[in-house]
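Source file: run_31.cif. Holds: mmCIF, C-alpha atoms and all ligand atoms.
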```
data_coords
loop_
_atom_site.label_atom_id
_atom_site.label_comp_id
_atom_site.auth_asym_id
_atom_site.auth_seq_id
_atom_site.Cartn_x
_atom_site.Cartn_y
_atom_site.Cartn_z
CA MET D 23 44.43 59.03 28.96
CA ASN D 24 41.51 56.68 29.18
CA PRO D 25 40.17 56.36 32.68
CA SER D 26 40.93 52.94 34.04
CA LEU D 27 38.39 50.21 33.39
CA LYS D 28 38.86 47.79 36.19
CA THR D 29 38.09 44.36 34.83
CA LEU D 30 38.24 41.17 36.81
CA VAL D 31 38.60 37.91 34.95
CA PHE D 32 37.89 34.54 36.50
CA ALA D 33 39.53 32.00 34.22
CA CYS D 34 39.37 28.26 34.54
CA ARG D 35 42.83 26.76 34.40
CA TRP D 36 41.98 24.17 31.79
CA CYS D 37 41.11 26.48 28.95
CA PRO D 38 41.09 30.31 29.14
CA LEU D 39 44.03 30.36 31.53
CA LEU D 40 46.12 28.58 28.89
CA GLY D 41 45.03 31.22 26.38
CA ALA D 42 45.89 34.00 28.82
CA GLU D 43 49.33 32.61 29.58
CA ARG D 44 50.10 32.15 25.93
CA ALA D 45 48.87 35.64 25.16
CA GLY D 46 51.36 36.89 27.72
CA ARG D 47 54.23 34.82 26.35
CA GLU D 48 53.49 35.89 22.81
CA ARG D 49 53.39 39.51 24.02
CA LEU D 50 50.02 40.20 22.47
CA ALA D 51 48.50 43.60 23.12
CA LEU D 52 46.46 43.17 26.28
CA PRO D 53 44.66 45.92 28.17
CA PRO D 54 46.68 47.02 31.20
CA ASP D 55 43.85 47.25 33.67
CA PHE D 56 42.52 43.72 33.99
CA ARG D 57 43.28 41.29 36.75
CA LEU D 58 42.95 37.57 36.31
CA ILE D 59 42.15 35.04 39.00
CA PRO D 60 42.91 31.46 37.96
CA MET D 61 40.25 29.01 39.05
CA GLU D 62 40.29 25.24 39.11
CA CYS D 63 36.90 25.37 37.41
CA ALA D 64 34.56 28.15 36.34
CA GLY D 65 31.94 26.29 38.34
CA ALA D 66 33.75 27.47 41.47
CA VAL D 67 32.95 31.11 40.70
CA SER D 68 30.08 31.90 42.98
CA PRO D 69 27.84 34.84 42.02
CA ASP D 70 28.63 36.17 45.50
CA LEU D 71 32.22 36.79 44.48
CA ILE D 72 31.07 38.69 41.43
CA LEU D 73 28.74 40.86 43.49
CA ARG D 74 31.61 41.57 45.81
CA ALA D 75 33.90 42.45 42.92
CA PHE D 76 31.32 44.93 41.61
CA ALA D 77 30.83 46.42 45.05
CA ASP D 78 34.59 46.75 45.51
CA GLY D 79 35.08 48.73 42.34
CA ALA D 80 35.23 46.45 39.33
CA HIS D 81 33.57 47.93 36.23
CA GLY D 82 33.20 44.58 34.60
CA VAL D 83 33.62 40.93 35.57
CA ALA D 84 34.32 38.13 33.12
CA VAL D 85 33.91 34.43 33.80
CA MET D 86 35.59 32.16 31.29
CA GLY D 87 35.53 28.40 31.18
CA CYS D 88 35.65 25.40 28.89
CA HIS D 89 33.12 24.70 26.17
CA PHE D 90 29.97 22.85 27.18
CA GLY D 91 30.74 19.19 27.18
CA GLY D 92 34.43 19.89 27.76
CA CYS D 93 34.33 20.57 31.48
CA ARG D 94 36.81 18.56 33.55
CA HIS D 95 34.57 18.75 36.57
CA ASN D 96 31.39 16.88 35.82
CA GLY D 97 29.76 19.52 33.66
CA ALA D 98 30.06 22.15 36.37
CA ASN D 99 30.27 24.89 33.75
CA ARG D 100 26.64 24.29 32.83
CA SER D 101 25.56 24.77 36.43
CA ALA D 102 27.74 27.86 36.57
CA HIS D 103 26.05 29.18 33.47
CA THR D 104 22.59 28.73 35.02
CA ARG D 105 23.73 30.54 38.16
CA LEU D 106 25.30 33.37 36.20
CA GLN D 107 22.15 33.80 34.14
CA LEU D 108 20.27 34.20 37.39
CA LEU D 109 22.86 36.71 38.56
CA SER D 110 22.43 38.74 35.42
CA ALA D 111 18.65 38.67 35.93
CA ALA D 112 19.25 40.06 39.41
CA LEU D 113 21.54 42.81 38.10
CA GLU D 114 19.01 43.65 35.41
CA ALA D 115 16.20 43.79 37.99
CA VAL D 116 17.87 46.54 40.00
CA GLY D 117 19.00 48.44 36.91
CA ILE D 118 22.63 47.39 36.57
CA ARG D 119 23.53 46.65 32.95
CA PRO D 120 24.06 42.90 32.64
CA ALA D 121 26.59 43.71 29.90
CA ARG D 122 29.03 44.34 32.74
CA LEU D 123 29.09 40.62 33.29
CA PHE D 124 30.76 38.64 30.57
CA VAL D 125 30.42 34.90 30.41
CA SER D 126 32.23 32.81 27.84
CA TRP D 127 32.61 29.10 27.41
CA GLY D 128 35.39 27.64 25.31
CA THR D 129 36.12 30.82 23.37
CA ALA D 130 39.43 31.88 24.91
CA HIS D 131 41.63 28.85 24.61
CA GLU D 132 44.09 30.30 22.11
CA ALA D 133 46.25 33.33 22.85
CA ARG D 134 44.64 35.46 20.13
CA GLN D 135 41.19 34.40 21.17
CA PHE D 136 41.84 35.41 24.75
CA ALA D 137 43.21 38.81 23.78
CA GLY D 138 40.32 39.37 21.38
CA VAL D 139 37.62 38.33 23.80
CA LEU D 140 39.08 40.49 26.53
CA SER D 141 39.38 43.63 24.44
CA ASP D 142 35.86 43.13 23.06
CA PHE D 143 34.61 42.95 26.59
CA GLN D 144 36.48 46.06 27.59
CA ALA D 145 35.05 47.90 24.61
CA ARG D 146 31.63 46.86 25.84
CA ILE D 147 32.26 48.24 29.33
CA ARG D 148 33.81 51.39 27.89
CA ALA D 149 30.54 52.01 26.08
CA LEU D 150 28.84 51.98 29.48
CA ARG D 151 31.27 54.56 30.91
CA LYS D 152 28.65 57.31 31.16
CA GLU D 153 26.05 55.06 32.77
CA LYS D 154 25.45 55.60 36.45
CA ASP D 155 23.97 52.15 36.98
CA LEU D 156 26.82 50.56 38.86
CA PRO D 157 28.14 53.55 40.84
CA LEU D 158 24.59 54.11 42.06
CA LEU D 159 24.34 50.74 43.68
CA ARG D 160 27.90 50.30 44.76
CA GLY D 161 27.04 51.40 48.22
CA ASN D 162 28.56 54.86 48.47
CA PHE D 163 25.69 56.53 50.22
CA THR D 164 27.57 59.53 51.59
CA PRO D 165 25.59 62.75 51.14
CA GLY D 166 26.87 64.82 48.27
CA HIS D 167 27.81 61.76 46.29
CA ASP D 168 24.22 61.87 45.09
CA ARG D 169 24.35 65.45 43.88
CA GLU D 170 27.46 64.75 41.90
CA MET D 171 25.81 61.90 40.07
CA ARG D 172 22.26 63.13 39.60
CA PRO D 173 21.85 63.74 35.84
CA MET U 24 -11.45 28.31 61.86
CA SER U 25 -13.14 26.23 59.19
CA ALA U 26 -15.01 23.25 60.60
CA LEU U 27 -13.26 20.97 58.13
CA HIS U 28 -9.78 21.87 59.36
CA ALA U 29 -10.88 21.75 62.99
CA ASP U 30 -12.24 18.23 62.57
CA LYS U 31 -9.11 17.11 60.78
CA ILE U 32 -6.91 18.51 63.54
CA ARG U 33 -8.97 16.88 66.27
CA ALA U 34 -8.76 13.56 64.46
CA MET U 35 -5.01 13.88 63.97
CA LEU U 36 -4.43 14.74 67.64
CA ASP U 37 -6.70 11.89 68.70
CA GLU U 38 -4.83 9.36 66.62
CA ASN U 39 -1.48 10.80 67.69
CA ALA U 40 -0.75 11.45 64.00
CA VAL U 41 0.70 14.81 65.03
CA THR U 42 2.43 15.85 68.23
CA ALA U 43 1.39 19.49 68.10
CA VAL U 44 -0.46 22.05 66.05
CA LEU U 45 0.88 25.47 65.11
CA GLY U 46 -1.60 28.14 64.18
CA LEU U 47 -2.96 31.54 65.05
CA ALA U 48 -4.98 32.42 68.12
CA ASP U 49 -6.21 35.56 69.83
CA GLY U 50 -3.46 37.39 71.65
CA VAL U 51 -3.60 40.46 73.83
CA GLU U 52 -3.60 42.60 70.71
CA GLY U 53 -4.68 40.87 67.51
CA HIS U 54 -3.48 37.45 66.50
CA ILE U 55 -0.39 35.62 67.65
CA PRO U 56 1.12 32.26 66.69
CA ARG U 57 0.36 29.53 69.22
CA ILE U 58 1.24 25.88 69.60
CA PHE U 59 -1.43 23.49 70.83
CA THR U 60 -1.16 19.89 71.90
CA GLY U 61 -4.62 19.20 73.36
CA VAL U 62 -7.85 18.48 71.49
CA ALA U 63 -9.74 20.83 73.80
CA GLU U 64 -7.72 23.83 72.60
CA VAL U 65 -8.46 23.41 68.93
CA ASP U 66 -11.43 25.79 69.14
CA LYS U 67 -9.02 28.63 69.91
CA LEU U 68 -7.34 28.34 66.50
CA LYS U 69 -8.06 31.13 64.02
CA ASP U 70 -7.83 31.25 60.22
CA GLY U 71 -6.37 34.66 59.74
CA PRO U 72 -5.07 37.20 59.11
CA LYS U 73 -2.11 36.22 56.97
CA TYR U 74 0.83 35.73 59.29
CA PRO U 75 4.30 34.42 58.40
CA LEU U 76 4.37 30.97 60.02
CA GLY U 77 6.93 29.19 57.82
CA LYS U 78 10.01 30.11 59.84
CA ILE U 79 8.18 29.57 63.11
CA ALA U 80 7.16 26.07 62.00
CA TRP U 81 10.77 25.33 61.12
CA ARG U 82 12.06 26.54 64.49
CA THR U 83 9.32 24.75 66.37
CA LEU U 84 9.92 21.43 64.72
CA ARG U 85 13.65 21.64 65.28
CA ALA U 86 13.10 22.36 68.96
CA MET U 87 10.84 19.33 69.33
CA PRO U 88 12.25 15.86 70.10
CA PRO U 89 13.15 13.76 67.05
CA GLY U 90 10.25 11.89 65.54
CA SER U 91 7.76 14.64 66.39
CA ARG U 92 5.14 15.64 63.87
CA LEU U 93 3.68 19.08 63.49
CA ALA U 94 0.47 20.28 61.86
CA VAL U 95 0.48 23.88 60.66
CA VAL U 96 -2.59 25.92 59.81
CA CYS U 97 -1.24 28.38 57.27
CA ARG U 98 -1.59 30.00 53.85
CA THR U 99 -0.42 28.42 50.60
CA CYS U 100 2.79 30.42 50.54
CA ASP U 101 3.86 29.01 53.90
CA SER U 102 2.87 25.49 52.90
CA ARG U 103 5.05 25.85 49.80
CA ALA U 104 7.88 27.21 51.94
CA ILE U 105 7.56 24.21 54.24
CA ARG U 106 7.75 21.95 51.18
CA GLU U 107 10.98 23.73 50.25
CA GLN U 108 12.38 23.19 53.76
CA GLU U 109 11.52 19.52 53.41
CA LYS U 110 13.26 19.40 50.01
CA MET U 111 16.32 20.95 51.64
CA GLY U 112 16.32 18.11 54.16
CA GLN U 113 15.53 20.28 57.15
CA PHE U 114 13.32 17.59 58.65
CA PRO U 115 12.18 14.08 57.72
CA GLN U 116 9.61 13.71 54.95
CA ARG U 117 6.06 14.29 56.11
CA ALA U 118 7.08 15.51 59.54
CA VAL U 119 4.92 18.57 58.86
CA THR U 120 1.33 18.50 57.68
CA CYS U 121 -0.01 21.77 56.31
CA LEU U 122 -3.69 22.58 56.59
CA VAL U 123 -4.04 25.33 54.04
CA VAL U 124 -6.34 28.29 54.42
CA PRO U 125 -6.84 29.69 50.90
CA CYS U 126 -6.42 33.45 50.47
CA ASP U 127 -9.17 35.62 49.03
CA THR U 128 -8.69 37.85 46.00
CA GLU U 129 -8.08 40.90 48.13
CA GLN U 130 -5.22 39.28 50.00
CA ALA U 131 -3.82 37.85 46.76
CA LEU U 132 -3.77 41.34 45.25
CA LYS U 133 -2.07 42.74 48.34
CA CYS U 134 0.67 40.08 48.10
CA SER U 135 0.95 40.17 44.28
CA CYS U 136 0.41 36.45 44.70
CA SER U 137 0.30 34.17 41.68
CA TRP U 138 -0.74 31.10 43.64
CA PRO U 139 -3.18 32.00 46.43
CA ALA U 140 -5.14 28.75 46.65
CA PRO U 141 -3.86 25.18 46.77
CA GLU U 142 -6.58 23.88 44.40
CA GLN U 143 -4.83 25.63 41.56
CA ALA U 144 -2.98 22.73 39.98
CA GLN U 145 0.01 24.87 39.08
CA GLY U 146 1.02 28.44 39.86
CA LYS U 147 1.42 31.11 37.23
CA ASN U 148 4.48 33.15 36.35
CA PRO U 149 5.40 34.88 39.61
CA VAL U 150 5.96 38.27 37.94
CA ALA U 151 2.61 38.19 36.17
CA GLY U 152 0.64 39.44 39.16
CA LEU U 153 2.84 42.41 40.00
CA ALA U 154 0.98 45.69 40.42
CA ALA U 155 1.95 48.54 38.11
CA GLY U 156 3.37 50.53 41.02
CA ILE U 157 5.83 47.72 41.77
CA ARG U 158 6.46 46.81 38.16
CA VAL U 159 8.06 50.21 37.65
CA LEU U 160 10.87 49.05 39.97
CA LEU U 161 11.76 46.35 37.46
CA GLU U 162 11.00 48.11 34.22
CA SER U 163 11.68 51.84 34.37
CA ALA U 164 14.87 52.95 32.67
CA ASP U 165 16.25 54.69 35.75
CA ARG U 166 15.30 51.99 38.23
CA ALA U 167 18.82 51.99 39.63
CA TRP U 168 17.89 55.36 41.15
CA LEU U 169 14.71 53.94 42.63
CA TRP U 170 16.51 50.97 44.12
CA ARG U 171 19.25 53.19 45.45
CA GLU U 172 16.73 55.36 47.22
CA HIS U 173 15.08 52.33 48.77
CA MET U 174 18.22 50.47 49.68
CA GLN U 175 19.96 53.35 51.34
CA ARG U 176 17.25 53.26 54.00
CA CYS U 177 18.28 49.76 55.09
CA ILE U 178 19.23 49.59 58.77
CA LYS U 179 20.80 46.15 58.40
CA CYS U 180 18.53 44.62 61.00
CA TYR U 181 18.67 41.21 59.27
CA GLY U 182 14.90 41.04 59.66
CA CYS U 183 14.40 40.07 56.02
CA ARG U 184 16.71 37.13 56.48
CA ASN U 185 15.37 36.09 59.87
CA VAL U 186 11.73 35.99 58.86
CA CYS U 187 12.28 34.22 55.55
CA PRO U 188 10.97 30.65 55.80
CA VAL U 189 13.47 29.27 53.29
CA CYS U 190 16.57 31.03 54.67
CA VAL U 191 17.84 28.17 56.82
CA CYS U 192 21.65 27.88 56.53
CA PRO U 193 23.44 27.34 59.84
CA GLU U 194 26.05 29.89 58.78
CA CYS U 195 25.09 33.00 56.88
CA ARG U 196 27.23 34.81 54.34
CA LEU U 197 25.52 38.04 55.31
CA GLU U 198 27.50 37.75 58.55
CA ASP U 199 30.77 37.13 56.76
CA PRO U 200 32.84 40.31 57.16
CA SER U 201 34.51 39.79 53.81
CA PHE U 202 31.15 40.18 52.09
CA VAL U 203 29.19 42.48 54.37
CA ARG U 204 31.40 45.01 56.14
CA PRO U 205 30.66 45.09 59.86
CA ALA U 206 29.38 48.44 61.13
CA ALA U 207 28.97 49.86 57.63
CA LEU U 208 25.51 51.40 57.38
CA PRO U 209 23.60 51.16 55.15
CA PRO U 210 25.07 47.92 53.85
CA SER U 211 26.37 47.84 50.30
CA PRO U 212 23.35 46.78 48.22
CA LEU U 213 25.06 44.25 45.98
CA PRO U 214 26.67 41.99 48.57
CA TYR U 215 23.73 42.42 50.92
CA HIS U 216 20.38 42.59 49.15
CA LEU U 217 21.33 40.96 45.88
CA LEU U 218 23.36 38.29 47.61
CA ARG U 219 20.47 37.41 49.88
CA ALA U 220 18.05 37.40 46.97
CA LEU U 221 20.31 35.07 44.99
CA HIS U 222 20.84 32.71 47.89
CA VAL U 223 17.12 32.09 48.31
CA ALA U 224 16.21 32.53 44.63
CA ASP U 225 15.30 28.93 43.87
CA HIS U 226 13.52 28.42 47.18
CA CYS U 227 11.68 31.74 47.41
CA VAL U 228 7.94 31.17 47.38
CA GLY U 229 7.08 34.85 47.17
CA CYS U 230 5.39 34.96 50.54
CA GLY U 231 6.43 38.58 51.03
CA ALA U 232 7.38 38.08 54.67
CA CYS U 233 10.71 39.81 54.05
CA GLN U 234 9.01 42.88 52.64
CA ASP U 235 6.23 42.97 55.23
CA GLY U 236 8.78 42.67 58.01
CA CYS U 237 11.20 45.30 56.71
CA PRO U 238 11.13 48.30 59.04
CA ALA U 239 12.53 50.48 56.26
CA GLY U 240 9.76 49.60 53.81
CA ILE U 241 12.10 48.34 51.11
CA PRO U 242 10.11 46.65 48.29
CA LEU U 243 12.12 43.43 48.48
CA LEU U 244 9.36 41.31 46.99
CA ALA U 245 9.83 42.94 43.57
CA LEU U 246 13.42 41.71 43.47
CA HIS U 247 12.42 38.20 44.54
CA LYS U 248 9.59 38.07 42.03
CA ALA U 249 11.99 39.07 39.28
CA LEU U 250 14.28 36.16 40.12
CA SER U 251 11.42 33.66 40.48
CA GLY U 252 10.08 34.93 37.17
CA HIS U 253 13.46 34.32 35.58
CA LEU U 254 13.59 30.72 36.82
CA PHE U 255 10.01 30.20 35.67
CA GLY U 256 10.76 31.59 32.22
CA GLU U 257 14.04 29.73 31.76
CA ALA U 258 13.24 26.38 33.33
CA GLY U 259 9.52 26.40 34.08
CA TYR U 260 10.50 26.05 37.72
CA LEU U 261 8.31 27.12 40.61
CA ALA U 262 9.46 26.89 44.21
CA GLY U 263 7.23 24.84 46.46
CA THR U 264 6.50 22.19 43.84
CA ASP U 265 8.15 18.78 43.76
CA ALA U 266 10.33 19.83 40.82
CA PRO U 267 14.06 19.90 41.57
CA SER U 268 15.73 23.30 41.47
CA PRO U 269 17.38 24.10 38.14
CA LEU U 270 20.31 25.54 40.14
CA ARG U 271 21.06 22.25 41.87
CA ARG U 272 21.78 19.81 39.13
CA GLY U 273 22.49 16.23 40.11
CA PRO U 274 25.62 14.39 39.01
CA SER U 275 25.77 14.06 35.25
CA HIS U 276 27.94 10.96 35.31
CA PRO U 277 26.07 7.66 35.35
CA THR U 278 25.84 6.22 38.82
CA GLY U 279 24.89 2.88 40.33
CA GLU U 280 25.05 -0.18 38.15
CA ASP U 281 26.30 1.83 35.18
CA ARG U 282 29.62 2.40 36.94
CA PRO U 283 32.55 0.38 35.59
CA GLU U 284 33.26 -2.72 37.57
CA TRP U 285 36.45 -1.69 39.37
CA LYS U 286 36.93 -5.10 40.97
CA ASN U 287 38.19 -6.46 37.70
CA CYS U 288 40.67 -3.60 37.31
CA TYR U 289 40.38 -4.25 33.58
CA GLY U 290 42.94 -6.98 33.91
CA ILE U 291 45.66 -4.69 35.31
CA CYS U 292 45.61 -6.17 38.79
CA ALA U 293 45.17 -9.67 37.43
CA SER U 294 48.51 -9.52 35.69
CA LYS U 295 50.08 -8.78 39.08
CA GLY U 296 48.19 -11.62 40.65
CA GLU U 297 46.20 -9.24 42.89
CA ASN U 298 42.76 -9.76 41.48
CA SER U 299 40.13 -10.49 44.07
S1 LIG D 301 9.26 36.40 49.66
FE1 LIG D 301 10.95 36.94 51.05
S2 LIG D 301 10.50 35.92 52.98
FE2 LIG D 301 9.19 34.93 51.39
S3 LIG D 301 10.40 33.17 50.68
FE3 LIG D 301 10.88 34.86 49.31
S4 LIG D 301 12.73 35.82 50.21
FE4 LIG D 301 11.83 34.51 51.79
S1 LIG D 302 14.49 43.95 56.87
FE1 LIG D 302 14.75 45.82 55.65
S2 LIG D 302 16.00 47.19 56.95
FE2 LIG D 302 16.18 45.12 57.82
S3 LIG D 302 18.05 44.30 56.85
FE3 LIG D 302 16.31 43.62 55.57
S4 LIG D 302 16.14 45.23 53.98
FE4 LIG D 302 17.43 46.08 55.63
#
```
Give the structure from the file, written as structure tokens.
Amino acid sequence: MNPSLKTLVFACRWCPLLGAERAGRERLALPPDFRLIPMECAGAVSPDLILRAFADGAHGVAVMGCHFGGCRHNGANRSAHTRLQLLSAALEAVGIRPARLFVSWGTAHEARQFAGVLSDFQARIRALRKEKDLPLLRGNFTPGHDREMRP
Amino acid sequence: MSALHADKIRAMLDENAVTAVLGLADGVEGHIPRIFTGVAEVDKLKDGPKYPLGKIAWRTLRAMPPGSRLAVVCRTCDSRAIREQEKMGQFPQRAVTCLVVPCDTEQALKCSCSWPAPEQAQGKNPVAGLAAGIRVLLESADRAWLWREHMQRCIKCYGCRNVCPVCVCPECRLEDPSFVRPAALPPSPLPYHLLRALHVADHCVGCGACQDGCPAGIPLLALHKALSGHLFGEAGYLAGTDAPSPLRRGPSHPTGEDRPEWKNCYGICASKGENS
């Protein structure tokens, strides 16, 4: 069996959440190990929450919102995008693969789109399975943990 | 103390343009920050060495009665930090006057500083000046190992946050137990170091006070430079200038006179006889 790939999805309720709900109703094949948190707006997803999700064991975090220009909250998705770019620069700086963060705007509105986008993302994280980047900086500093991971 | 600055300070105190002056003076051992209010004491002020005065200026001004004005004799980094504090609305505009002592090349190299003198019209990319020994922290393929080794030495003293001149929130997320677990040592690097770096990213002036103050010798400046470099590359933004932060976008809806005239209610109220 594939080891679990814990994926956390923050979905804005105006667009990707509709896709997610429809995907569920249409019984599309969805990976079993993702959890979705509905948000009023993707702009409410603070990078802090994503850092916490990574520290608490998520292998990948996705933030999905409406297309640019389609935000119901005063273009907050653009601001979110700027913040998330900065977050990915921070991850990159300390050696965590920014590919673990997935950001998508207006691409998951339909059921099939949502299922497709999510499984693409999981394939991307699966490709990083052997990388030690995230486990290294997750904060498990107990002695011995090191030896296990040292290549 | 340069004669030019000394004269300026004397004149400002004479005219009551400033209430007090913050600068360095001889202490028992080396230099210590001091606050002066009298013209006679100006001679005691010293130019150097580099000393983080930004946070001290902020604290001093907030402890002074409203309407007070402070002059600070400091380096460019601190003057830029004070500009950031002003932009964040920490005190009224022009409550602080900075008298800048430019840094020499040696000091600039030590700080990896891209903007050591105020005459420079505009700073350069903050990552450009990084020494090769520090650059490896941002570029080597196994830098996660390097960062891990550094970050596991952290004793969670909060020194990096306390000394930072632009870290001024009344409540700090680093003290929120749902982000930083109390009593866990060392703290988890992502919600501690990265979170702090992100929170100050668009205000960080690269003064290096956090790194210099860290008792564990963690190269925090490299992380901050990387983020400042990102904002410079993406938006041409440099902290300490008058430019607004790219992370704090204003309202995108038209405001002021462009707003629809609600008084008319587009005729809806009129039909009910309620129009004013
Ligand atoms: S270099 Fe460190 S202390 Fe200076 S502004 Fe940036 S985060 Fe704050
Ligand atoms: S100053 Fe250094 S040891 Fe203290 S909390 Fe900051 S990084 Fe950790």
Counting all atoms listed in the file, what residues are within 8 Å of ligand LIG 301 (chain D), given as a short mmCIF file (atom, residue, chain, number, x, y, z; two decimals) with C-alpha atoms, in the coordinates of the input?
```
data_model
loop_
_atom_site.label_atom_id
_atom_site.label_comp_id
_atom_site.auth_asym_id
_atom_site.auth_seq_id
_atom_site.Cartn_x
_atom_site.Cartn_y
_atom_site.Cartn_z
CA CYS U 100 2.79 30.42 50.54
CA ALA U 104 7.88 27.21 51.94
CA CYS U 183 14.40 40.07 56.02
CA ARG U 184 16.71 37.13 56.48
CA VAL U 186 11.73 35.99 58.86
CA CYS U 187 12.28 34.22 55.55
CA PRO U 188 10.97 30.65 55.80
CA VAL U 189 13.47 29.27 53.29
CA CYS U 190 16.57 31.03 54.67
CA ARG U 219 20.47 37.41 49.88
CA ALA U 220 18.05 37.40 46.97
CA VAL U 223 17.12 32.09 48.31
CA ALA U 224 16.21 32.53 44.63
CA HIS U 226 13.52 28.42 47.18
CA CYS U 227 11.68 31.74 47.41
CA VAL U 228 7.94 31.17 47.38
CA GLY U 229 7.08 34.85 47.17
CA CYS U 230 5.39 34.96 50.54
CA GLY U 231 6.43 38.58 51.03
CA ALA U 232 7.38 38.08 54.67
CA CYS U 233 10.71 39.81 54.05
CA GLN U 234 9.01 42.88 52.64
CA LEU U 243 12.12 43.43 48.48
CA LEU U 244 9.36 41.31 46.99
CA HIS U 247 12.42 38.20 44.54
CA LYS U 248 9.59 38.07 42.03
#
```
Checklist entry - Counting all atoms listed in the file, which residues of chain U come no farther than 10 Å from chain D, as a VMD selection string? => result chain U and resid 160 to 172 174 to 176 196 201 to 203 207 to 215 217 to 222 224 to 225 245 to 254 257 to 258 269 to 276
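Among the candidates D:Ser26, D:Gln135, D:Ser68, D:Ser126, the one nearest to Ala80 (chain D) when counting only C-alpha atoms is D:Ser26.
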Item to check | Residue nearest ligand LIG 302 (chain D) - candidates U:Asn185, U:Asp199, U:Pro205, U:Val41, atoms counted: all atoms listed in the file | outcome: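 Smallest separation from ligand LIG 302 (chain D) among the options: U:Asn185.
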Using only C-alpha atoms and all ligand atoms, what are the residues with an atom within 6 Å of ligand LIG 302 (chain D), set out as an mmCIF file with C-alpha atoms, keeping the file's coordinate frame?
```cif
data_model
loop_
_atom_site.group_PDB
_atom_site.id
_atom_site.type_symbol
_atom_site.label_atom_id
_atom_site.label_comp_id
_atom_site.auth_asym_id
_atom_site.auth_seq_id
_atom_site.Cartn_x
_atom_site.Cartn_y
_atom_site.Cartn_z
ATOM 1 C CA CYS U 177 18.280 49.760 55.090
ATOM 2 C CA ILE U 178 19.230 49.590 58.770
ATOM 3 C CA LYS U 179 20.800 46.150 58.400
ATOM 4 C CA CYS U 180 18.530 44.620 61.000
ATOM 5 C CA TYR U 181 18.670 41.210 59.270
ATOM 6 C CA GLY U 182 14.900 41.040 59.660
ATOM 7 C CA CYS U 183 14.400 40.070 56.020
ATOM 8 C CA GLY U 236 8.780 42.670 58.010
ATOM 9 C CA CYS U 237 11.200 45.300 56.710
ATOM 10 C CA PRO U 238 11.130 48.300 59.040
ATOM 11 C CA ALA U 239 12.530 50.480 56.260
ATOM 12 C CA ILE U 241 12.100 48.340 51.110
#
```
Next on the checklist: If we count only C-alpha atoms and set the cut-off at 10 Å, which residues sit around region 73-88 of chain U, ignoring sequence neighbours fewer than 6 positions away in its own chain? Please answer as a PyMOL selection string.
Outcome noted: chain U and resi 42-47+54-58+94-98+100-106+108-109+113-114+118-119+124+126+130+185-191+230-233+235-236
Checklist outcome for this item: Between U:Cys195, U:Met35, U:Val51, U:Ala151, smallest distance to Leu93 (chain U) by all atoms listed in the file belongs to U:Met35
Item to check | Nearest to Thr128 (chain U), chosen from U:Leu68, U:Ala34, U:Leu261, U:Ala140, with only C-alpha atoms counted in the distances | outcome: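 The shortest atom-to-atom distance to Thr128 (chain U) comes from U:Ala140.
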Checklist entry - Need the neighbours of (35.1, 43.7, 36.6): which residues are at most 8 Å away, counting all atoms listed in the file, as a list in words? => result Leu27, Lys28, Thr29, Leu30, Val31, Phe56, Ala75, Phe76, Gly79, Ala80, His81, Gly82, Val83, Ala84, Arg122 and Leu123 of chain D
Checklist entry - Between D:Ala130, D:Met86, D:Ala149, D:Ala51, which one has atoms that come closest to Val67 (chain D), using all atoms listed in the file? => result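 Smallest distance to Val67 (chain D) is found for D:Met86.
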Checklist outcome for this item: note - CA of Arg44 (chain D) and CA of Phe124 (chain D) are separated by 20.9 Å
Next on the checklist: With 12 Å as the threshold, what does the neighbourhood of (47.4, 45.2, 26.4) contain in terms of residues, counting all atoms listed in the file? Coordinates are those of the file; answer as a list of chain:residue names.
Outcome noted: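 Residues lying no farther than 12 Å from the given point: D:Ala42, D:Ala45, D:Gly46, D:Glu48, D:Arg49, D:Leu50, D:Ala51, D:Leu52, D:Pro53, D:Pro54, D:Asp55, D:Phe56, D:Arg57, D:Arg134, D:Phe136, D:Ala137, D:Gly138, D:Leu140, D:Ser141, D:Gln144.
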